[in-house]
>>> print(open('model_8.json').read())   # JSON, C-alpha atoms
[["chain", "number", "residue", "atom", "x", "y", "z"],
["A", 1, "MET", "CA", -18.67, 6.04, 17.23],
["A", 2, "SER", "CA", -15.40, 4.70, 18.65],
["A", 3, "GLY", "CA", -12.15, 6.55, 18.05],
["A", 4, "TYR", "CA", -10.07, 3.44, 17.42],
["A", 5, "ARG", "CA", -9.54, 1.54, 14.18],
["A", 6, "LEU", "CA", -9.76, -2.19, 13.48],
["A", 7, "ALA", "CA", -7.07, -4.33, 11.84],
["A", 8, "VAL", "CA", -6.78, -8.03, 11.02],
["A", 9, "CYS", "CA", -3.65, -10.18, 10.97],
["A", 10, "ALA", "CA", -3.26, -11.70, 7.51],
["A", 11, "GLU", "CA", -1.11, -14.55, 8.85],
["A", 12, "MET", "CA", -4.08, -16.30, 10.49],
["A", 13, "VAL", "CA", -7.12, -15.97, 8.20],
["A", 14, "PHE", "CA", -7.90, -16.81, 4.55],
["A", 15, "LEU", "CA", -5.09, -19.36, 4.70],
["A", 16, "ASP", "CA", -6.13, -20.96, 1.40],
["A", 17, "LEU", "CA", -5.12, -17.75, -0.45],
["A", 18, "PRO", "CA", -1.69, -16.40, -1.44],
["A", 19, "PHE", "CA", -0.56, -13.80, 1.08],
["A", 20, "ALA", "CA", -1.15, -10.72, -1.09],
["A", 21, "ASP", "CA", -4.67, -11.95, -1.82],
["A", 22, "ARG", "CA", -5.33, -12.34, 1.91],
["A", 23, "VAL", "CA", -4.23, -8.75, 2.41],
["A", 24, "ARG", "CA", -6.49, -7.58, -0.38],
["A", 25, "ARG", "CA", -9.45, -9.57, 0.99],
["A", 26, "ILE", "CA", -9.03, -8.07, 4.48],
["A", 27, "ALA", "CA", -8.73, -4.53, 3.10],
["A", 28, "GLU", "CA", -11.83, -4.99, 0.94],
["A", 29, "ARG", "CA", -13.77, -5.69, 4.14],
["A", 30, "GLY", "CA", -12.72, -2.34, 5.61],
["A", 31, "PHE", "CA", -9.93, -3.40, 7.94],
["A", 32, "GLU", "CA", -6.31, -2.37, 8.22],
["A", 33, "VAL", "CA", -3.84, -5.25, 7.84],
["A", 34, "GLU", "CA", -1.19, -6.66, 10.15],
["A", 35, "MET", "CA", 1.57, -9.07, 9.18],
["A", 36, "TRP", "CA", 4.46, -10.90, 10.77],
["A", 37, "ASN", "CA", 7.89, -11.57, 9.26],
["A", 38, "TRP", "CA", 8.34, -9.67, 5.99],
["A", 39, "ALA", "CA", 11.26, -11.78, 4.75],
["A", 40, "GLY", "CA", 10.26, -14.02, 1.87],
["A", 41, "LYS", "CA", 7.10, -12.05, 1.08],
["A", 42, "ASP", "CA", 6.55, -10.35, -2.28],
["A", 43, "LEU", "CA", 6.84, -6.75, -1.15],
["A", 44, "ASP", "CA", 5.94, -5.33, -4.56],
["A", 45, "ALA", "CA", 2.72, -7.35, -4.54],
["A", 46, "LEU", "CA", 1.90, -6.17, -1.01],
["A", 47, "ALA", "CA", 2.48, -2.53, -1.93],
["A", 48, "ALA", "CA", 0.30, -2.98, -5.02],
["A", 49, "THR", "CA", -2.70, -4.08, -2.93],
["A", 50, "GLY", "CA", -3.15, -0.50, -1.70],
["A", 51, "ALA", "CA", -4.02, -1.88, 1.75],
["A", 52, "THR", "CA", -3.15, 0.03, 4.90],
["A", 53, "ILE", "CA", -0.42, -2.08, 6.51],
["A", 54, "SER", "CA", -0.88, -1.22, 10.15],
["A", 55, "SER", "CA", 1.82, -3.32, 11.83],
["A", 56, "MET", "CA", 4.60, -5.77, 10.96],
["A", 57, "THR", "CA", 7.38, -7.61, 12.73],
["A", 58, "GLY", "CA", 10.23, -5.18, 13.31],
["A", 59, "TYR", "CA", 13.21, -7.54, 13.35],
["A", 60, "LEU", "CA", 14.34, -10.87, 11.92],
["A", 61, "ARG", "CA", 16.66, -12.18, 14.63],
["A", 62, "GLY", "CA", 18.14, -11.13, 17.95],
["A", 63, "THR", "CA", 17.35, -10.65, 21.62],
["A", 64, "LEU", "CA", 16.94, -7.78, 24.05],
["A", 65, "ALA", "CA", 19.04, -8.99, 26.94],
["A", 66, "ASP", "CA", 22.53, -9.89, 25.73],
["A", 67, "PRO", "CA", 24.91, -7.59, 23.83],
["A", 68, "ALA", "CA", 25.50, -9.82, 20.80],
["A", 69, "GLY", "CA", 21.79, -10.56, 20.42],
["A", 70, "ALA", "CA", 20.99, -6.88, 20.82],
["A", 71, "ASP", "CA", 23.33, -5.93, 18.02],
["A", 72, "GLU", "CA", 21.69, -8.52, 15.77],
["A", 73, "LEU", "CA", 18.21, -7.30, 16.69],
["A", 74, "LEU", "CA", 19.15, -3.70, 15.90],
["A", 75, "ALA", "CA", 20.79, -4.65, 12.61],
["A", 76, "THR", "CA", 17.71, -6.50, 11.42],
["A", 77, "ALA", "CA", 15.47, -3.72, 12.78],
["A", 78, "ARG", "CA", 17.22, -1.34, 10.38],
["A", 79, "LEU", "CA", 16.31, -3.64, 7.49],
["A", 80, "SER", "CA", 12.75, -3.82, 8.77],
["A", 81, "LEU", "CA", 12.51, -0.03, 8.85],
["A", 82, "GLU", "CA", 13.38, 0.05, 5.15],
["A", 83, "VAL", "CA", 10.52, -2.36, 4.44],
["A", 84, "ALA", "CA", 8.16, -0.37, 6.66],
["A", 85, "GLU", "CA", 8.99, 2.76, 4.67],
["A", 86, "ARG", "CA", 8.25, 0.92, 1.42],
["A", 87, "LEU", "CA", 4.89, -0.35, 2.71],
["A", 88, "GLY", "CA", 3.91, 2.79, 4.62],
["A", 89, "CYS", "CA", 3.72, 0.79, 7.86],
["A", 90, "PRO", "CA", 3.84, 2.95, 11.03],
["A", 91, "ARG", "CA", 4.43, 0.28, 13.72],
["A", 92, "LEU", "CA", 7.04, -2.47, 13.99],
["A", 93, "ASN", "CA", 6.63, -5.22, 16.58],
["A", 94, "VAL", "CA", 9.36, -6.84, 18.71],
["A", 95, "HIS", "CA", 9.55, -9.46, 21.49],
["A", 96, "GLY", "CA", 11.85, -10.22, 24.39],
["A", 97, "THR", "CA", 13.78, -12.64, 22.19],
["A", 98, "GLY", "CA", 13.58, -14.03, 18.68],
["A", 99, "LEU", "CA", 10.98, -16.76, 18.13],
["A", 100, "ASP", "CA", 11.30, -19.86, 15.98],
["A", 101, "ASP", "CA", 8.65, -21.21, 13.60],
["A", 102, "ARG", "CA", 6.77, -22.77, 16.54],
["A", 103, "GLY", "CA", 6.78, -19.57, 18.59],
["A", 104, "LEU", "CA", 9.45, -20.86, 20.96],
["A", 105, "PRO", "CA", 12.26, -18.57, 22.12],
["A", 106, "VAL", "CA", 15.56, -18.83, 20.27],
["A", 107, "VAL", "CA", 17.24, -17.88, 23.56],
["A", 108, "PRO", "CA", 14.99, -19.14, 26.41],
["A", 109, "ALA", "CA", 15.35, -17.73, 29.91],
["A", 110, "ALA", "CA", 14.21, -19.55, 33.02],
["A", 111, "VAL", "CA", 15.25, -16.56, 35.16],
["A", 112, "VAL", "CA", 15.51, -12.90, 34.16],
["A", 113, "THR", "CA", 18.37, -11.29, 36.06],
["A", 114, "PRO", "CA", 18.84, -7.59, 36.93],
["A", 115, "ALA", "CA", 21.65, -7.45, 34.36],
["A", 116, "MET", "CA", 19.22, -8.70, 31.69],
["A", 117, "TRP", "CA", 16.75, -5.96, 32.61],
["A", 118, "PHE", "CA", 19.47, -3.32, 32.32],
["A", 119, "THR", "CA", 20.59, -4.64, 28.93],
["A", 120, "ALA", "CA", 17.00, -4.83, 27.68],
["A", 121, "VAL", "CA", 16.34, -1.19, 28.60],
["A", 122, "ARG", "CA", 19.53, -0.13, 26.85],
["A", 123, "THR", "CA", 18.63, -2.16, 23.74],
["A", 124, "LEU", "CA", 15.10, -0.75, 23.61],
["A", 125, "THR", "CA", 16.45, 2.79, 24.04],
["A", 126, "ARG", "CA", 18.65, 2.26, 20.97],
["A", 127, "LEU", "CA", 15.67, 0.78, 19.14],
["A", 128, "ALA", "CA", 13.51, 3.80, 19.97],
["A", 129, "GLU", "CA", 16.28, 6.06, 18.62],
["A", 130, "LEU", "CA", 16.18, 4.14, 15.34],
["A", 131, "GLY", "CA", 12.41, 4.57, 15.26],
["A", 132, "GLU", "CA", 12.68, 8.29, 15.93],
["A", 133, "ARG", "CA", 15.10, 8.81, 13.06],
["A", 134, "ALA", "CA", 12.85, 6.84, 10.72],
["A", 135, "GLY", "CA", 9.57, 8.36, 11.92],
["A", 136, "ARG", "CA", 8.25, 4.96, 13.04],
["A", 137, "VAL", "CA", 7.16, 3.40, 16.34],
["A", 138, "PHE", "CA", 8.44, 0.09, 17.69],
["A", 139, "THR", "CA", 6.00, -1.85, 19.86],
["A", 140, "LEU", "CA", 7.02, -4.42, 22.48],
["A", 141, "GLU", "CA", 4.52, -7.28, 22.70],
["A", 142, "ASN", "CA", 3.64, -9.25, 25.80],
["A", 143, "LEU", "CA", 3.35, -13.03, 25.33],
["A", 144, "ASN", "CA", 2.11, -15.92, 27.44],
["A", 145, "THR", "CA", 4.54, -18.57, 28.65],
["A", 146, "ALA", "CA", 1.93, -21.09, 29.84],
["A", 147, "VAL", "CA", 0.53, -22.13, 26.44],
["A", 148, "ASP", "CA", 2.21, -20.58, 23.40],
["A", 149, "HIS", "CA", 5.67, -19.21, 24.24],
["A", 150, "PRO", "CA", 7.35, -20.97, 27.19],
["A", 151, "GLY", "CA", 10.73, -19.56, 28.12],
["A", 152, "VAL", "CA", 10.32, -16.09, 26.59],
["A", 153, "PRO", "CA", 11.88, -13.42, 28.83],
["A", 154, "PHE", "CA", 9.99, -10.20, 29.62],
["A", 155, "ALA", "CA", 6.78, -11.93, 28.57],
["A", 156, "ARG", "CA", 4.15, -10.56, 30.94],
["A", 157, "ALA", "CA", 2.31, -7.34, 30.18],
["A", 158, "ALA", "CA", 3.67, -6.01, 33.47],
["A", 159, "ASP", "CA", 7.20, -6.66, 32.15],
["A", 160, "THR", "CA", 6.66, -4.97, 28.79],
["A", 161, "LEU", "CA", 4.99, -2.01, 30.51],
["A", 162, "ALA", "CA", 7.93, -1.62, 32.92],
["A", 163, "LEU", "CA", 10.43, -1.69, 30.05],
["A", 164, "VAL", "CA", 8.49, 0.79, 27.91],
["A", 165, "GLU", "CA", 8.07, 3.14, 30.88],
["A", 166, "ALA", "CA", 11.80, 2.90, 31.65],
["A", 167, "VAL", "CA", 12.72, 3.95, 28.10],
["A", 168, "GLY", "CA", 10.14, 6.75, 28.08],
["A", 169, "SER", "CA", 10.16, 7.41, 24.33],
["A", 170, "PRO", "CA", 7.14, 8.04, 22.06],
["A", 171, "HIS", "CA", 8.90, 5.77, 19.54],
["A", 172, "LEU", "CA", 8.64, 2.73, 21.84],
["A", 173, "ARG", "CA", 5.19, 1.62, 22.93],
["A", 174, "MET", "CA", 3.42, -1.53, 24.11],
["A", 175, "ASN", "CA", 1.68, -3.94, 21.83],
["A", 176, "LEU", "CA", -0.81, -5.03, 24.48],
["A", 177, "ASP", "CA", -2.01, -8.49, 23.43],
["A", 178, "LEU", "CA", -5.10, -9.26, 25.50],
["A", 179, "TYR", "CA", -5.15, -12.94, 24.51],
["A", 180, "HIS", "CA", -1.71, -13.42, 26.03],
["A", 181, "ALA", "CA", -2.55, -11.18, 28.99],
["A", 182, "GLN", "CA", -5.69, -13.17, 29.82],
["A", 183, "ILE", "CA", -3.67, -16.39, 30.03],
["A", 184, "GLY", "CA", -0.81, -14.80, 31.97],
["A", 185, "GLU", "CA", -2.42, -12.16, 34.15],
["A", 186, "GLY", "CA", -6.15, -11.52, 33.64],
["A", 187, "ASN", "CA", -7.81, -8.32, 34.91],
["A", 188, "LEU", "CA", -7.88, -7.01, 31.36],
["A", 189, "ILE", "CA", -9.81, -3.78, 31.81],
["A", 190, "GLN", "CA", -7.69, -2.73, 34.78],
["A", 191, "LEU", "CA", -4.60, -3.60, 32.72],
["A", 192, "VAL", "CA", -5.79, -1.43, 29.82],
["A", 193, "GLU", "CA", -6.47, 1.46, 32.21],
["A", 194, "ARG", "CA", -3.01, 1.18, 33.75],
["A", 195, "ALA", "CA", -1.14, 0.81, 30.45],
["A", 196, "LEU", "CA", -3.15, 3.24, 28.31],
["A", 197, "PRO", "CA", -0.56, 6.07, 28.12],
["A", 198, "TRP", "CA", 2.04, 3.58, 26.84],
["A", 199, "ILE", "CA", -0.07, 1.53, 24.40],
["A", 200, "GLY", "CA", 0.87, 1.62, 20.73],
["A", 201, "GLU", "CA", -1.73, -0.94, 19.72],
["A", 202, "ILE", "CA", -3.95, -3.64, 21.17],
["A", 203, "GLN", "CA", -4.28, -7.18, 19.82],
["A", 204, "VAL", "CA", -7.10, -9.58, 20.61],
["A", 205, "ALA", "CA", -8.17, -13.22, 20.40],
["A", 206, "ASP", "CA", -10.34, -15.31, 22.70],
["A", 207, "VAL", "CA", -9.27, -17.85, 25.33],
["A", 208, "PRO", "CA", -8.97, -20.80, 25.04],
["A", 209, "GLY", "CA", -8.21, -21.61, 21.41],
["A", 210, "ARG", "CA", -6.98, -18.22, 20.13],
["A", 211, "CYS", "CA", -10.00, -17.73, 17.89],
["A", 212, "GLU", "CA", -12.13, -14.64, 17.30],
["A", 213, "PRO", "CA", -14.09, -12.80, 20.03],
["A", 214, "GLY", "CA", -17.20, -14.66, 21.10],
["A", 215, "THR", "CA", -15.62, -18.12, 21.02],
["A", 216, "GLY", "CA", -14.21, -18.20, 24.53],
["A", 217, "GLU", "CA", -14.22, -16.69, 28.01],
["A", 218, "ILE", "CA", -13.32, -13.03, 27.36],
["A", 219, "HIS", "CA", -16.25, -10.61, 27.17],
["A", 220, "TYR", "CA", -14.77, -8.33, 24.54],
["A", 221, "PRO", "CA", -17.75, -5.94, 24.31],
["A", 222, "ALA", "CA", -16.88, -4.89, 27.88],
["A", 223, "VAL", "CA", -13.28, -4.28, 26.80],
["A", 224, "ALA", "CA", -14.57, -2.25, 23.84],
["A", 225, "ALA", "CA", -16.74, -0.16, 26.14],
["A", 226, "ALA", "CA", -13.74, 0.52, 28.37],
["A", 227, "LEU", "CA", -11.64, 1.59, 25.38],
["A", 228, "HIS", "CA", -14.42, 3.96, 24.32],
["A", 229, "ARG", "CA", -14.69, 5.35, 27.86],
["A", 230, "LEU", "CA", -10.93, 5.86, 28.03],
["A", 231, "GLY", "CA", -10.82, 7.58, 24.64],
["A", 232, "TYR", "CA", -8.42, 5.09, 23.06],
["A", 233, "GLN", "CA", -7.49, 6.37, 19.57],
["A", 234, "GLY", "CA", -5.22, 3.58, 18.30],
["A", 235, "VAL", "CA", -5.63, 0.25, 16.55],
["A", 236, "VAL", "CA", -7.31, -2.92, 17.80],
["A", 237, "GLY", "CA", -5.96, -5.85, 15.81],
["A", 238, "LEU", "CA", -7.50, -9.30, 15.46],
["A", 239, "GLU", "CA", -4.63, -11.78, 15.76],
["A", 240, "SER", "CA", -6.60, -15.01, 15.83],
["A", 241, "TRP", "CA", -7.52, -18.14, 13.98],
["A", 242, "ALA", "CA", -11.05, -18.42, 12.61],
["A", 243, "ALA", "CA", -13.19, -20.87, 14.57],
["A", 244, "GLY", "CA", -15.16, -21.56, 11.40],
["A", 245, "GLU", "CA", -15.60, -19.49, 8.25],
["A", 246, "ASP", "CA", -13.12, -16.63, 7.90],
["A", 247, "ASP", "CA", -15.60, -13.91, 6.97],
["A", 248, "ARG", "CA", -17.75, -14.92, 9.93],
["A", 249, "ALA", "CA", -14.73, -14.52, 12.22],
["A", 250, "LEU", "CA", -14.09, -11.02, 10.91],
["A", 251, "GLU", "CA", -17.71, -10.03, 11.39],
["A", 252, "ARG", "CA", -17.74, -11.34, 14.97],
["A", 253, "PHE", "CA", -14.63, -9.27, 15.64],
["A", 254, "ARG", "CA", -16.22, -6.17, 14.12],
["A", 255, "HIS", "CA", -19.43, -6.72, 16.11],
["A", 256, "ALA", "CA", -17.54, -7.08, 19.42],
["A", 257, "PHE", "CA", -15.74, -3.77, 18.90],
["A", 258, "THR", "CA", -18.47, -1.69, 17.25]]
>>> encode(input="model_8.json", output="structure tokens")
Amino acid sequence: MSGYRLAVCAEMVFLDLPFADRVRRIAERGFEVEMWNWAGKDLDALAATGATISSMTGYLRGTLADPAGADELLATARLSLEVAERLGCPRLNVHGTGLDDRGLPVVPAAVVTPAMWFTAVRTLTRLAELGERAGRVFTLENLNTAVDHPGVPFARAADTLALVEAVGSPHLRMNLDLYHAQIGEGNLIQLVERALPWIGEIQVADVPGRCEPGTGEIHYPAVAAALHRLGYQGVVGLESWAAGEDDRALERFRHAFT
């Protein structure tokens, strides 16, 4: 029996249902639930589902690498912490910069300068301090710039790992997204081994297409075996579209990681 738990992102499956009903449907199938932006959602309805909300977006706007953007990120992170408390959500996810509705960076960066790195570490240190006071963990997610998120700074898993290591707080961890890492870097099992002490959660989808495990080139049962061997105790979250029927996608995910 593996020591990790499985979650499913409610933003990408059961899209014909209202959001709270998606959450309920996922929970009924034995999974924890992940969600993105909380603004505009019926928080009372989400709390009433009784689902375990495993992860949510931890800010509304802002960036890591410039002072004004950092202040905005931290201000909206405080609001997000209030929502996380209400929903009992332990992890709040952030990126190198705010993303628009298409996943494109609000503040793109063709080059990341040393000054940007310094500012990002300082911003993330302040973010971890907020998390510590609230008893929550912020996770910094790697993204790919080749397909989904061109222009995002600090996008590679190597970048997010370096930033999390530099801060060195238990209240800042990596959200290691293996779909993005496969596109940007590959060598997934070696990456998991290297990053394991700093991982707050792992997200998965297959490549190409960003659908459930078994639809593309990644052999996720091998990743699952490595996680078992390494004693990973956290969450593995399915953040993917369904290639066909939604329940079938969830079962393929469960099968790959069981």
>>> residues_around(input="model_8.json", residues="region 214-218 of chain A", least_positions_apart="6", cutoff="10 Å", atoms="all atoms listed in the file", output="list of chain:residue names")
A:Leu178, A:Tyr179, A:Gln182, A:Gly186, A:Leu188, A:Val204, A:Ala205, A:Asp206, A:Val207, A:Pro208, A:Ala242, A:Ala243, A:Ala249, A:Arg252, A:Phe253, A:His255, A:Ala256
>>> closest_atom_pairs(input="model_8.json", of="region 132-232 of chain A", to="region 58-77 of chain A", cutoff="10 Å", atoms="only C-alpha atoms", output="Markdown table")
| residue | atom | partner | partner_atom | distance |
| --- | --- | --- | --- | --- |
| A:Val137 | CA | A:Gly58 | CA | 9.6 |
| A:Phe138 | CA | A:Gly58 | CA | 7.1 |
| A:Thr139 | CA | A:Gly58 | CA | 8.5 |
| A:Leu140 | CA | A:Gly58 | CA | 9.7 |
| A:Pro153 | CA | A:Ala65 | CA | 8.6 |
| A:Phe154 | CA | A:Leu64 | CA | 9.2 |
>>> closest_atom_pairs(input="model_8.json", of="region 65-177 of chain A", to="region 17-38 of chain A", cutoff="12 Å", atoms="all atoms listed in the file", output="CSV")
residue,atom,partner,partner_atom,distance
A:Thr76,CA,A:Asn37,CA,11.3
A:Ala77,CA,A:Asn37,CA,11.5
A:Leu79,CA,A:Trp38,CA,10.1
A:Ser80,CA,A:Trp38,CA,7.8
A:Leu81,CA,A:Trp38,CA,10.9
A:Glu82,CA,A:Trp38,CA,11.0
A:Val83,CA,A:Trp38,CA,7.8
A:Ala84,CA,A:Trp38,CA,9.3
A:Arg86,CA,A:Trp38,CA,11.5
A:Leu87,CA,A:Trp38,CA,10.5
A:Gly88,CA,A:Val33,CA,11.6
A:Cys89,CA,A:Glu34,CA,9.2
A:Pro90,CA,A:Glu34,CA,10.9
A:Arg91,CA,A:Glu34,CA,9.6
A:Leu92,CA,A:Trp36,CA,9.4
A:Asn93,CA,A:Trp36,CA,8.4
A:Val94,CA,A:Trp36,CA,10.2
A:His95,CA,A:Trp36,CA,12.0
A:Gly98,CA,A:Asn37,CA,11.3
A:Leu99,CA,A:Asn37,CA,10.7
A:Asp100,CA,A:Asn37,CA,11.2
A:Asp101,CA,A:Asn37,CA,10.6
A:Gly103,CA,A:Trp36,CA,11.9
>>> residues_around(input="model_8.json", residues="His180 (chain A)", least_positions_apart="2", cutoff="12 Å", atoms="only C-alpha atoms", output="PyMOL selection string")
chain A and resi 141-150+155-158+175-178+182-188+202-210+218+239-240
>>> atom_distance(input="model_8.json", atom1="CA of Arg102 (chain A)", atom2="CA of Lys41 (chain A)")
18.8 Å
>>> closest_residue(input="model_8.json", among="A:Val152, A:Ala134, A:Leu15, A:Leu127", to="Pro108 (chain A)", atoms="only C-alpha atoms")
A:Val152
>>> closest_residue(input="model_8.json", among="A:Thr258, A:Thr113, A:Thr49, A:Ser55", to="Gly200 (chain A)", atoms="only C-alpha atoms")
A:Ser55
>>> atom_distance(input="model_8.json", atom1="CA of Met116 (chain A)", atom2="CA of Glu193 (chain A)")
27.6 Å
>>> residues_around(input="model_8.json", residues="Glu132 (chain A)", least_positions_apart="3", cutoff="10 Å", atoms="all atoms listed in the file", output="ChimeraX atom specification")
/A:126-129,135-138,169-172
>>> closest_residue(input="model_8.json", among="A:Val235, A:Ile53, A:Val223, A:Leu130", to="Tyr4 (chain A)", atoms="all atoms listed in the file")
A:Val235
>>> atom_distance(input="model_8.json", atom1="CA of Asp42 (chain A)", atom2="CA of Gly131 (chain A)")
23.8 Å
>>> closest_residue(input="model_8.json", among="A:Ala120, A:Leu6, A:Leu46, A:Leu191", to="Gln233 (chain A)", atoms="all atoms listed in the file")
A:Leu6
>>> closest_residue(input="model_8.json", among="A:Gly3, A:Phe14, A:Cys9, A:Ala181", to="Asp247 (chain A)", atoms="all atoms listed in the file")
A:Phe14
>>> closest_residue(input="model_8.json", among="A:Ile189, A:Val13, A:Ala115, A:Ala45", to="Glu245 (chain A)", atoms="only C-alpha atoms")
A:Val13
>>> decode(input="model_8.json", residues="region 168-182 of chain A", atoms="C-alpha atoms", output="compact mmCIF listing (two decimals), in the first residue's frame")
# COMPACT_ATOMS: atom_id res chain seq x y z
CA GLY A 168 14.58 26.92 3.34
CA SER A 169 11.21 27.05 5.12
CA PRO A 170 8.81 24.14 5.77
CA HIS A 171 6.02 26.57 4.81
CA LEU A 172 7.30 26.89 1.22
CA ARG A 173 7.53 23.75 -0.86
CA MET A 174 7.50 22.71 -4.52
CA ASN A 175 4.40 21.77 -6.41
CA LEU A 176 6.25 19.44 -8.77
CA ASP A 177 4.11 19.20 -11.90
CA LEU A 178 5.41 16.24 -13.90
CA TYR A 179 3.42 17.16 -17.02
CA HIS A 180 5.20 20.49 -17.22
CA ALA A 181 8.53 18.93 -16.24
CA GLN A 182 8.30 16.31 -18.99
